[in-house]
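*Asks:* This is run-v1.cif, which holds mmCIF, C-alpha atoms:
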data_protein
loop_
_atom_site.label_atom_id
_atom_site.label_comp_id
_atom_site.auth_asym_id
_atom_site.auth_seq_id
_atom_site.Cartn_x
_atom_site.Cartn_y
_atom_site.Cartn_z
CA MET J 101 62.48 107.74 136.55
CA ILE J 102 59.78 105.11 136.28
CA ASN J 103 62.26 102.71 134.72
CA ARG J 104 64.52 102.93 137.74
CA ILE J 105 61.63 102.50 140.21
CA TRP J 106 60.34 99.51 138.27
CA ILE J 107 63.69 97.75 138.11
CA SER J 108 64.53 98.44 141.77
CA LEU J 109 61.18 97.16 143.05
CA ILE J 110 61.57 93.91 141.12
CA LEU J 111 65.27 93.37 141.88
CA VAL J 112 65.02 94.21 145.59
CA GLY J 113 61.88 92.10 145.97
CA MET J 114 63.33 89.09 144.15
CA THR J 115 66.62 89.29 146.02
CA TYR J 116 64.85 89.34 149.35
CA PHE J 117 62.62 86.44 148.28
CA LEU J 118 65.72 84.38 147.45
CA ILE J 119 67.84 85.21 150.50
CA SER J 120 64.93 84.46 152.82
CA GLY J 121 64.65 81.03 151.18
CA ASN J 122 61.25 81.54 149.60
CA ALA J 123 62.14 80.71 146.02
CA SER J 124 59.10 78.44 145.69
CA GLU J 125 56.79 81.26 146.78
CA LEU J 126 58.39 83.56 144.24
CA THR J 127 57.92 81.00 141.49
CA ASN J 128 54.28 80.55 142.45
CA LEU J 129 53.81 84.31 142.44
CA ILE J 130 55.26 84.56 138.94
CA ILE J 131 53.17 81.67 137.62
CA SER J 132 49.91 82.82 139.15
CA PHE J 133 50.46 86.52 138.45
CA PRO J 134 48.77 86.71 135.00
CA VAL J 135 45.75 84.73 136.22
CA ASN J 136 45.46 86.87 139.35
CA VAL J 137 45.69 90.02 137.29
CA PHE J 138 42.89 88.74 135.09
CA ASN J 139 40.71 88.15 138.13
CA THR J 140 41.41 91.48 139.82
CA MET J 141 41.55 93.55 136.66
CA LEU J 142 38.38 92.25 134.98
CA PRO J 143 35.95 93.99 137.38
CA ILE J 144 37.97 97.22 137.14
CA VAL J 145 38.10 97.03 133.34
CA MET J 146 34.38 96.40 133.07
CA THR J 147 33.55 99.18 135.52
CA ILE J 148 35.69 101.69 133.63
CA ILE J 149 34.12 100.75 130.28
CA PHE J 150 30.60 100.82 131.73
CA TRP J 151 31.04 104.23 133.34
CA SER J 152 32.78 105.61 130.26
CA GLY J 153 29.45 104.94 128.54
CA PHE J 154 27.46 107.01 131.01
CA ILE J 155 30.11 109.71 131.11
CA LYS J 156 29.77 110.09 127.33
CA VAL J 157 25.99 110.33 127.67
CA ALA J 158 26.40 113.01 130.34
CA ALA J 159 28.95 114.88 128.22
CA ASP J 160 26.79 114.79 125.06
CA ALA J 161 23.78 116.03 127.01
CA GLY J 162 25.82 119.01 128.20
CA LEU J 163 25.60 117.94 131.84
CA ILE J 164 29.33 117.95 132.51
CA ASP J 165 29.63 121.34 130.81
CA LYS J 166 26.79 122.70 132.92
CA PHE J 167 28.39 121.57 136.13
CA SER J 168 31.93 122.61 135.27
CA SER J 169 30.85 126.12 134.28
CA LYS J 170 29.92 126.69 137.93
CA ILE J 171 33.48 126.09 139.13
CA ARG J 172 35.25 127.46 136.06
CA TRP J 173 36.75 130.34 138.09
CA LEU J 174 38.50 127.78 140.31
CA MET J 175 39.71 125.76 137.32
CA VAL J 176 41.15 128.86 135.65
CA LYS J 177 43.02 129.67 138.88
CA LEU J 178 44.34 126.13 139.37
CA PHE J 179 45.13 125.44 135.70
CA PRO J 180 46.12 128.74 134.09
CA GLU J 181 47.84 126.92 131.19
CA ILE J 182 44.62 125.40 129.90
CA PRO J 183 42.57 127.68 127.60
CA LYS J 184 39.26 128.81 129.03
CA ASP J 185 36.80 126.69 127.07
CA ASN J 186 38.94 123.60 126.74
CA LYS J 187 37.35 120.20 127.34
CA ALA J 188 40.09 119.42 129.88
CA HIS J 189 38.47 121.85 132.34
CA GLN J 190 35.20 119.95 132.14
CA TYR J 191 36.72 116.54 132.74
CA ILE J 192 38.91 117.83 135.57
CA SER J 193 35.93 119.37 137.39
CA ALA J 194 33.86 116.23 136.89
CA ASN J 195 36.78 114.11 138.14
CA PHE J 196 37.12 116.23 141.29
CA LEU J 197 33.39 115.97 141.95
CA ALA J 198 33.42 112.19 141.52
CA ASN J 199 36.43 111.90 143.85
CA ILE J 200 34.81 114.03 146.52
CA LEU J 201 31.63 111.95 146.33
CA GLY J 202 33.74 108.80 146.69
CA LEU J 203 32.82 107.46 143.24
CA GLY J 204 36.21 106.00 142.40
CA SER J 205 34.87 103.98 139.46
CA VAL J 206 33.51 107.12 137.82
CA ALA J 207 36.50 109.26 138.78
CA THR J 208 39.11 107.06 137.05
CA PRO J 209 37.74 107.24 133.46
CA LEU J 210 37.06 110.97 133.93
CA GLY J 211 40.62 111.50 135.14
CA LEU J 212 42.07 109.55 132.20
CA LYS J 213 40.00 111.66 129.79
CA ALA J 214 41.18 114.81 131.56
CA ILE J 215 44.88 113.97 131.28
CA GLU J 216 44.37 112.88 127.66
CA GLU J 217 42.98 116.34 126.85
CA MET J 218 45.90 117.95 128.72
CA GLN J 219 48.35 115.89 126.64
CA ARG J 220 46.65 117.22 123.48
CA LEU J 221 47.77 120.71 124.60
CA ASN J 222 51.17 119.55 125.86
CA LYS J 223 52.29 117.39 122.90
CA SER J 224 55.56 116.23 124.51
CA ASP J 225 56.94 113.50 126.76
CA VAL J 226 57.59 116.01 129.56
CA ALA J 227 54.84 116.48 132.16
CA SER J 228 53.13 119.88 131.97
CA ASN J 229 52.43 122.04 135.03
CA SER J 230 48.69 121.43 134.82
CA MET J 231 49.18 117.65 134.67
CA ILE J 232 51.25 117.74 137.84
CA THR J 233 48.73 119.97 139.60
CA PHE J 234 45.94 117.62 138.57
CA LEU J 235 47.72 114.46 139.71
CA LEU J 236 48.84 115.98 143.01
CA ILE J 237 45.27 116.95 143.87
CA ASN J 238 44.12 113.48 142.83
CA THR J 239 46.69 111.64 144.94
CA SER J 240 46.03 113.79 148.00
CA GLY J 241 42.88 111.74 148.45
CA LEU J 242 40.15 114.36 148.81
CA THR J 243 36.87 112.62 149.61
CA LEU J 244 33.75 113.26 151.69
CA ILE J 245 33.02 109.69 152.77
CA PRO J 246 35.91 107.17 152.92
CA THR J 247 33.70 104.15 152.17
CA THR J 248 36.39 101.44 152.06
CA ILE J 249 37.85 102.37 155.44
CA LEU J 250 34.43 102.64 157.09
CA ALA J 251 33.40 99.27 155.68
CA LEU J 252 36.61 97.59 156.93
CA ARG J 253 36.22 99.18 160.36
CA GLY J 254 32.63 97.96 160.41
CA ASN J 255 33.87 94.37 160.72
CA TYR J 256 35.27 95.17 164.17
CA ASN J 257 32.18 96.82 165.68
CA PRO J 258 33.79 100.22 166.16
CA LEU J 259 32.46 102.79 168.62
CA VAL J 260 34.11 105.64 166.77
CA ASN J 261 32.93 105.86 163.17
CA ALA J 262 30.86 108.95 162.42
CA GLU J 263 33.45 111.23 164.07
CA LEU J 264 36.13 109.51 162.07
CA ILE J 265 34.58 110.81 158.83
CA ILE J 266 35.23 114.33 160.11
CA TYR J 267 38.80 113.56 161.21
CA ILE J 268 39.63 111.98 157.86
CA PHE J 269 38.03 114.89 156.05
CA ILE J 270 40.14 117.38 158.01
CA ALA J 271 43.31 115.38 157.32
CA THR J 272 42.60 115.01 153.60
CA LEU J 273 41.67 118.69 153.34
CA ILE J 274 45.06 119.59 154.82
CA THR J 275 46.93 117.26 152.43
CA THR J 276 45.00 118.56 149.40
CA LEU J 277 45.61 122.19 150.36
CA SER J 278 49.29 121.57 151.05
CA ALA J 279 49.57 119.81 147.67
CA ILE J 280 48.10 122.87 145.92
CA ILE J 281 50.24 125.34 147.88
CA LEU J 282 53.52 123.39 147.58
CA ASN J 283 52.88 122.92 143.88
CA LEU J 284 52.34 126.68 143.42
CA VAL J 285 55.56 127.40 145.30
CA VAL J 286 57.58 124.94 143.20
CA GLN J 287 56.11 126.23 139.93
CA LYS J 288 56.97 129.81 140.90
CA LEU J 289 60.61 128.94 141.69
CA MET A 458 25.59 105.80 155.68
CA ASN A 459 22.46 104.86 153.76
CA ILE A 460 22.65 108.03 151.70
CA SER A 461 25.55 106.46 149.84
CA TYR A 462 23.15 103.93 148.34
CA TYR A 463 21.36 106.71 146.49
CA VAL A 464 24.37 108.36 144.90
CA LEU A 465 24.91 106.04 141.94
CA PRO A 466 21.22 105.46 141.05
CA LEU A 467 20.60 109.19 141.33
CA TYR A 468 23.60 109.92 139.15
CA ILE A 469 22.32 107.68 136.35
CA PHE A 470 18.75 108.93 136.86
CA ILE A 471 19.80 112.57 136.47
CA ILE A 472 21.86 111.79 133.37
CA MET A 473 18.88 110.00 131.82
CA LEU A 474 16.50 112.80 132.73
CA PHE A 475 18.72 115.39 131.07
CA THR A 476 19.09 113.44 127.86
CA VAL A 477 15.39 113.03 127.15
CA LYS A 478 14.62 114.57 123.72
CA LYS A 479 18.10 116.11 123.57
CA ILE A 480 20.42 113.47 122.22
CA ASN A 481 20.47 109.82 121.23
CA ALA A 482 21.53 108.49 124.63
CA PHE A 483 21.89 104.93 123.38
CA ASP A 484 24.37 105.88 120.66
CA SER A 485 26.28 108.06 123.11
CA PHE A 486 26.55 105.21 125.58
CA ILE A 487 27.93 102.89 122.89
CA GLU A 488 30.42 105.53 121.78
CA GLY A 489 31.46 106.08 125.39
CA CYS A 490 32.06 102.38 125.94
CA LYS A 491 34.27 102.27 122.86
CA ASP A 492 36.14 105.21 124.32
CA GLY A 493 36.48 103.28 127.57
CA ILE A 494 37.95 100.28 125.76
CA ARG A 495 40.47 102.62 124.12
CA LEU A 496 41.42 104.01 127.56
CA ILE A 497 41.87 100.49 128.90
CA MET A 498 44.15 99.58 126.00
CA LYS A 499 46.34 102.52 127.01
CA ILE A 500 46.53 101.94 130.75
CA PHE A 501 46.47 98.15 130.90
CA PRO A 502 50.13 97.51 129.98
CA VAL A 503 51.26 100.14 132.48
CA TYR A 504 49.03 98.64 135.15
CA LEU A 505 50.36 95.15 134.43
CA ALA A 506 53.99 96.28 134.65
CA MET A 507 53.52 98.23 137.86
CA LEU A 508 51.40 95.59 139.53
CA PHE A 509 54.03 92.91 138.94
CA ALA A 510 56.79 95.03 140.46
CA VAL A 511 54.62 95.91 143.45
CA LYS A 512 53.56 92.28 143.99
CA VAL A 513 57.15 91.05 143.96
CA PHE A 514 58.34 93.86 146.25
CA VAL A 515 55.49 93.66 148.76
CA GLY A 516 55.21 89.85 148.54
CA SER A 517 58.86 89.41 149.51
CA ASN A 518 57.92 90.74 152.98
CA ILE A 519 61.03 92.89 153.01
CA LEU A 520 59.14 95.85 154.46
CA ASN A 521 57.32 93.80 157.11
CA ASP A 522 60.54 92.08 158.23
CA THR A 523 62.49 95.33 158.35
CA PHE A 524 59.92 97.02 160.52
CA GLN A 525 59.68 94.09 162.90
CA PHE A 526 63.35 94.49 163.69
CA LEU A 527 63.33 98.22 164.04
CA LYS A 528 61.76 99.57 167.19
CA PHE A 529 60.79 103.18 167.31
CA ASN A 530 60.22 104.95 170.57
CA LEU A 531 58.32 107.88 169.17
CA ILE A 532 56.02 106.32 166.57
CA ASN A 533 54.55 102.83 166.44
CA SER A 534 56.41 100.75 163.85
CA ASP A 535 53.19 99.26 162.37
CA LEU A 536 52.01 102.78 161.60
CA ILE A 537 55.31 103.57 159.89
CA LEU A 538 55.00 100.36 157.85
CA GLN A 539 51.52 101.41 156.76
CA GLY A 540 52.74 104.90 155.91
CA ILE A 541 55.47 103.46 153.68
CA MET A 542 53.12 100.95 152.01
CA ARG A 543 50.38 103.51 151.35
CA PRO A 544 51.87 105.25 148.25
CA ILE A 545 53.00 101.91 146.76
CA SER A 546 50.01 99.62 147.15
CA GLY A 547 46.44 100.26 148.27
CA SER A 548 45.67 96.64 149.12
CA ALA A 549 48.93 96.10 151.05
CA SER A 550 48.40 99.18 153.20
CA LEU A 551 44.78 98.15 153.80
CA SER A 552 45.97 94.78 155.09
CA VAL A 553 48.45 96.50 157.41
CA MET A 554 45.50 98.55 158.67
CA THR A 555 43.40 95.44 159.36
CA ASN A 556 46.38 93.89 161.17
CA ILE A 557 46.54 96.99 163.33
CA PHE A 558 42.81 96.71 164.08
CA GLU A 559 43.32 93.12 165.23
CA LYS A 560 46.49 93.81 167.18
CA TYR A 561 45.56 97.04 168.98
CA GLY A 562 41.77 97.33 168.58
CA VAL A 563 39.78 99.35 166.09
CA ASP A 564 39.05 102.21 168.51
CA SER A 565 42.55 102.36 170.01
CA VAL A 566 44.73 105.40 169.44
CA ILE A 567 46.79 103.45 166.90
CA GLY A 568 43.69 102.01 165.21
CA ILE A 569 42.16 105.43 164.70
CA CYS A 570 45.45 106.91 163.60
CA SER A 571 45.81 104.09 161.07
CA SER A 572 42.34 104.81 159.64
CA ILE A 573 43.17 108.50 159.22
CA ILE A 574 46.51 107.71 157.55
CA GLN A 575 44.71 105.43 155.10
CA GLY A 576 42.09 108.07 154.33
CA SER A 577 44.25 111.14 154.06
CA THR A 578 46.32 110.05 151.04
CA ASP A 579 46.22 107.79 148.01
CA THR A 580 48.36 105.26 146.13
CA THR A 581 50.57 108.08 144.89
CA ILE A 582 53.29 106.15 143.03
CA PHE A 583 50.79 103.85 141.35
CA VAL A 584 48.37 106.59 140.29
CA ILE A 585 51.08 108.91 138.94
CA THR A 586 52.76 106.19 136.86
CA LEU A 587 49.40 104.95 135.56
CA TYR A 588 48.18 108.36 134.40
CA PHE A 589 51.49 109.44 132.89
CA GLY A 590 51.95 106.02 131.32
CA SER A 591 48.55 106.24 129.63
CA ILE A 592 49.58 109.33 127.64
CA GLY A 593 53.23 108.46 127.05
CA VAL A 594 54.75 111.06 129.36
CA THR A 595 58.09 109.75 130.62
CA LYS A 596 59.58 112.84 132.25
CA TYR A 597 57.63 113.43 135.47
CA ARG A 598 59.67 116.42 136.67
CA TYR A 599 58.94 116.96 140.36
CA ALA A 600 55.55 115.17 140.40
CA LEU A 601 56.61 112.06 142.33
CA LYS A 602 58.79 113.87 144.85
CA LEU A 603 56.07 116.38 145.68
CA GLY A 604 53.41 113.66 145.76
CA LEU A 605 55.43 111.68 148.28
CA LEU A 606 56.13 114.81 150.31
CA VAL A 607 52.37 115.41 150.51
CA ASP A 608 51.94 111.80 151.67
CA LEU A 609 54.49 112.45 154.41
CA ILE A 610 52.55 115.57 155.40
CA GLY A 611 49.39 113.46 155.53
CA PHE A 612 51.14 110.98 157.81
CA ILE A 613 52.31 113.69 160.20
CA VAL A 614 48.94 115.44 160.15
CA SER A 615 47.22 112.14 161.04
CA LEU A 616 49.52 111.66 164.04
CA LEU A 617 49.02 115.23 165.22
CA LEU A 618 45.26 114.99 164.73
CA VAL A 619 45.04 111.86 166.88
CA TYR A 620 47.27 113.51 169.46
CA VAL A 621 44.88 116.48 169.63
CA ILE A 622 41.74 114.31 169.74
CA MET A 623 42.87 111.66 172.18
CA LEU A 624 45.12 113.40 174.65
#
Could I get this file's structure written as structure tokens?

*Replies:*
Amino acid sequence: MINRIWISLILVGMTYFLISGNASELTNLIISFPVNVFNTMLPIVMTIIFWSGFIKVAADAGLIDKFSSKIRWLMVKLFPEIPKDNKAHQYISANFLANILGLGSVATPLGLKAIEEMQRLNKSDVASNSMITFLLINTSGLTLIPTTILALRGNYNPLVNAELIIYIFIATLITTLSAIILNLVVQKL
Amino acid sequence: MNISYYVLPLYIFIIMLFTVKKINAFDSFIEGCKDGIRLIMKIFPVYLAMLFAVKVFVGSNILNDTFQFLKFNLINSDLILQGIMRPISGSASLSVMTNIFEKYGVDSVIGICSSIIQGSTDTTIFVITLYFGSIGVTKYRYALKLGLLVDLIGFIVSLLLVYVIML
């Protein structure tokens, strides 16, 4: 699946580059790619490592456990495959909370820990139901305050901004709910 | 807006408060960072591979050129371009959004619709491949198809929402 997507993106892109006569641009892109990745990736890498540190502190202090126990009923409903007191539940709940609060830098390491724990139960190269549920909720973009969008809009002196938070919240709530419902339907089939 | 400036400090403050006398917070932090480095080692190659493909595909301007030719009567073609970019690349769809702000105005129907489209979904293809890649899962089953379907729902919901608000 991913192999085919990867190859098609590269082949289609390169072909279009060449037929539109932009071979020099393509060459520049290829040459500068590793350096650009270094520049864009370094802040992300450092942020993930830094927050992994605090996440571990919070986990060792029992904070994540404390929080996740409050929404355990929801976790058990959404992820019936995962045993009740598994660590995966804790990381998933913490990841959802971080996403809702708009803390992307905290959410990513939590999410990676969560799926790592799920793989420990799955032990195969086929995605498990709970992994798919988790990723679908994650990619449906549930958040309270869309900071990036608001900041970008801010450059254009918008009149509508506070209301927009509500509209986006409604839209993302609908996508998240439809992700959960559609996923349930497909898993039942 | 200003509340957002308190979230991260408060988060660290609460963590620190809870650890007092309970655990060796310093050692835990170091262990956590090591864990983080291990996570990075797992996702970095996947990230590198995907980013290259996305850069080549988006950089070739094939999507932009295609949607300049096609004219849609029902839906603005810039919005469709953004909707197609959104699951592939966060930065590319953000730049389509800023183009829309400049072209139509930030408070125009299309500008607001574009903001909602951006906010209602995520970089589905990128996120799914990154997470699965980090644990060595190669068979995604229906994850991508359903993820993209949800993105399509988000797109339609955004249009309908703007229709209800504005008209």

*Asks:* Please write the residues picked by the PyMOL selection byres ((chain A) within 6 of (chain J)) on this file as a PDB file with C-alpha atoms, keeping the file's coordinate frame.

*Replies:*
ATOM      1  CA  ILE A 472      21.860 111.790 133.370  1.00  0.00           C
ATOM      2  CA  THR A 476      19.090 113.440 127.860  1.00  0.00           C
ATOM      3  CA  ALA A 482      21.530 108.490 124.630  1.00  0.00           C
ATOM      4  CA  SER A 485      26.280 108.060 123.110  1.00  0.00           C
ATOM      5  CA  PHE A 486      26.550 105.210 125.580  1.00  0.00           C
ATOM      6  CA  GLY A 489      31.460 106.080 125.390  1.00  0.00           C
ATOM      7  CA  CYS A 490      32.060 102.380 125.940  1.00  0.00           C
ATOM      8  CA  GLY A 493      36.480 103.280 127.570  1.00  0.00           C
ATOM      9  CA  ILE A 494      37.950 100.280 125.760  1.00  0.00           C
ATOM     10  CA  ALA A 510      56.790  95.030 140.460  1.00  0.00           C
ATOM     11  CA  VAL A 513      57.150  91.050 143.960  1.00  0.00           C
ATOM     12  CA  PHE A 514      58.340  93.860 146.250  1.00  0.00           C
ATOM     13  CA  SER A 517      58.860  89.410 149.510  1.00  0.00           C
ATOM     14  CA  ILE A 573      43.170 108.500 159.220  1.00  0.00           C
ATOM     15  CA  GLY A 576      42.090 108.070 154.330  1.00  0.00           C
ATOM     16  CA  SER A 577      44.250 111.140 154.060  1.00  0.00           C
ATOM     17  CA  THR A 578      46.320 110.050 151.040  1.00  0.00           C
ATOM     18  CA  ASP A 579      46.220 107.790 148.010  1.00  0.00           C
ATOM     19  CA  THR A 581      50.570 108.080 144.890  1.00  0.00           C
ATOM     20  CA  VAL A 594      54.750 111.060 129.360  1.00  0.00           C
ATOM     21  CA  THR A 595      58.090 109.750 130.620  1.00  0.00           C
ATOM     22  CA  LYS A 596      59.580 112.840 132.250  1.00  0.00           C
ATOM     23  CA  TYR A 597      57.630 113.430 135.470  1.00  0.00           C
ATOM     24  CA  ALA A 600      55.550 115.170 140.400  1.00  0.00           C
ATOM     25  CA  GLY A 604      53.410 113.660 145.760  1.00  0.00           C
ATOM     26  CA  VAL A 607      52.370 115.410 150.510  1.00  0.00           C
ATOM     27  CA  GLY A 611      49.390 113.460 155.530  1.00  0.00           C
TER      28      GLY A 611
END

*Asks:* Enumerate, as a PyMOL selection string, the residues matched when the PyMOL selection byres ((chain A and resi 553) around 10) is run on the file above.

*Replies:* chain A and resi 521+535-536+538-540+542-543+548-552+554-559+571+575

*Asks:* Where does the PyMOL selection byres ((chain A and resi 586) around 9) land in this file, that is, which residues does it pick, as a ChimeraX atom specification?

*Replies:* /J:102 /A:503-504,507,581-585,587-591,595,597,601

*Asks:* Around segment 487-494 of chain A, with edges along x, y and z and 6 Å added on all six sides, what centre and edge lengths do you get, in Å to one decimal, as JSON?

*Replies:*
{"center_x": 32.9, "center_y": 103.2, "center_z": 124.7, "size_x": 22.0, "size_y": 17.8, "size_z": 17.8}

*Asks:* Find the distance between atom CA of Leu465 of chain A and atom CA of Asn195 of chain J and write it in Å to one decimal.

*Replies:* 14.8 Å

*Asks:* Around (34.6, 122.9, 132.3), as given in the file, which residues come within 12 Å? Count only C-alpha atoms and list them as a PDB file with C-alpha atoms, in the frame of the given file.

*Replies:*
ATOM      1  CA  ALA J 159      28.950 114.880 128.220  1.00  0.00           C
ATOM      2  CA  GLY J 162      25.820 119.010 128.200  1.00  0.00           C
ATOM      3  CA  LEU J 163      25.600 117.940 131.840  1.00  0.00           C
ATOM      4  CA  ILE J 164      29.330 117.950 132.510  1.00  0.00           C
ATOM      5  CA  ASP J 165      29.630 121.340 130.810  1.00  0.00           C
ATOM      6  CA  LYS J 166      26.790 122.700 132.920  1.00  0.00           C
ATOM      7  CA  PHE J 167      28.390 121.570 136.130  1.00  0.00           C
ATOM      8  CA  SER J 168      31.930 122.610 135.270  1.00  0.00           C
ATOM      9  CA  SER J 169      30.850 126.120 134.280  1.00  0.00           C
ATOM     10  CA  LYS J 170      29.920 126.690 137.930  1.00  0.00           C
ATOM     11  CA  ILE J 171      33.480 126.090 139.130  1.00  0.00           C
ATOM     12  CA  ARG J 172      35.250 127.460 136.060  1.00  0.00           C
ATOM     13  CA  TRP J 173      36.750 130.340 138.090  1.00  0.00           C
ATOM     14  CA  LEU J 174      38.500 127.780 140.310  1.00  0.00           C
ATOM     15  CA  MET J 175      39.710 125.760 137.320  1.00  0.00           C
ATOM     16  CA  VAL J 176      41.150 128.860 135.650  1.00  0.00           C
ATOM     17  CA  PHE J 179      45.130 125.440 135.700  1.00  0.00           C
ATOM     18  CA  ILE J 182      44.620 125.400 129.900  1.00  0.00           C
ATOM     19  CA  PRO J 183      42.570 127.680 127.600  1.00  0.00           C
ATOM     20  CA  LYS J 184      39.260 128.810 129.030  1.00  0.00           C
ATOM     21  CA  ASP J 185      36.800 126.690 127.070  1.00  0.00           C
ATOM     22  CA  ASN J 186      38.940 123.600 126.740  1.00  0.00           C
ATOM     23  CA  LYS J 187      37.350 120.200 127.340  1.00  0.00           C
ATOM     24  CA  ALA J 188      40.090 119.420 129.880  1.00  0.00           C
ATOM     25  CA  HIS J 189      38.470 121.850 132.340  1.00  0.00           C
ATOM     26  CA  GLN J 190      35.200 119.950 132.140  1.00  0.00           C
ATOM     27  CA  TYR J 191      36.720 116.540 132.740  1.00  0.00           C
ATOM     28  CA  ILE J 192      38.910 117.830 135.570  1.00  0.00           C
ATOM     29  CA  SER J 193      35.930 119.370 137.390  1.00  0.00           C
ATOM     30  CA  ALA J 194      33.860 116.230 136.890  1.00  0.00           C
ATOM     31  CA  ASN J 195      36.780 114.110 138.140  1.00  0.00           C
ATOM     32  CA  PHE J 196      37.120 116.230 141.290  1.00  0.00           C
ATOM     33  CA  LEU J 197      33.390 115.970 141.950  1.00  0.00           C
ATOM     34  CA  ALA J 214      41.180 114.810 131.560  1.00  0.00           C
ATOM     35  CA  GLU J 217      42.980 116.340 126.850  1.00  0.00           C
TER      36      GLU J 217
END

*Asks:* In Å to one decimal, how far is atom CA of Asp608 of chain A from atom CA of Ile541 of chain A?

*Replies:* 9.3 Å

*Asks:* Could you tell me, as a list in words, which residues have any atom at most 9 Å from (52.5, 99.0, 166.5), counting all atoms listed in the file?

*Replies:*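 Neighbouring residues, ordered by chain and number, come to Ile532, Asn533, Ser534, Asp535, Leu536, Ile537, Ile557, Lys560, Tyr561 and Ile567 of chain A.
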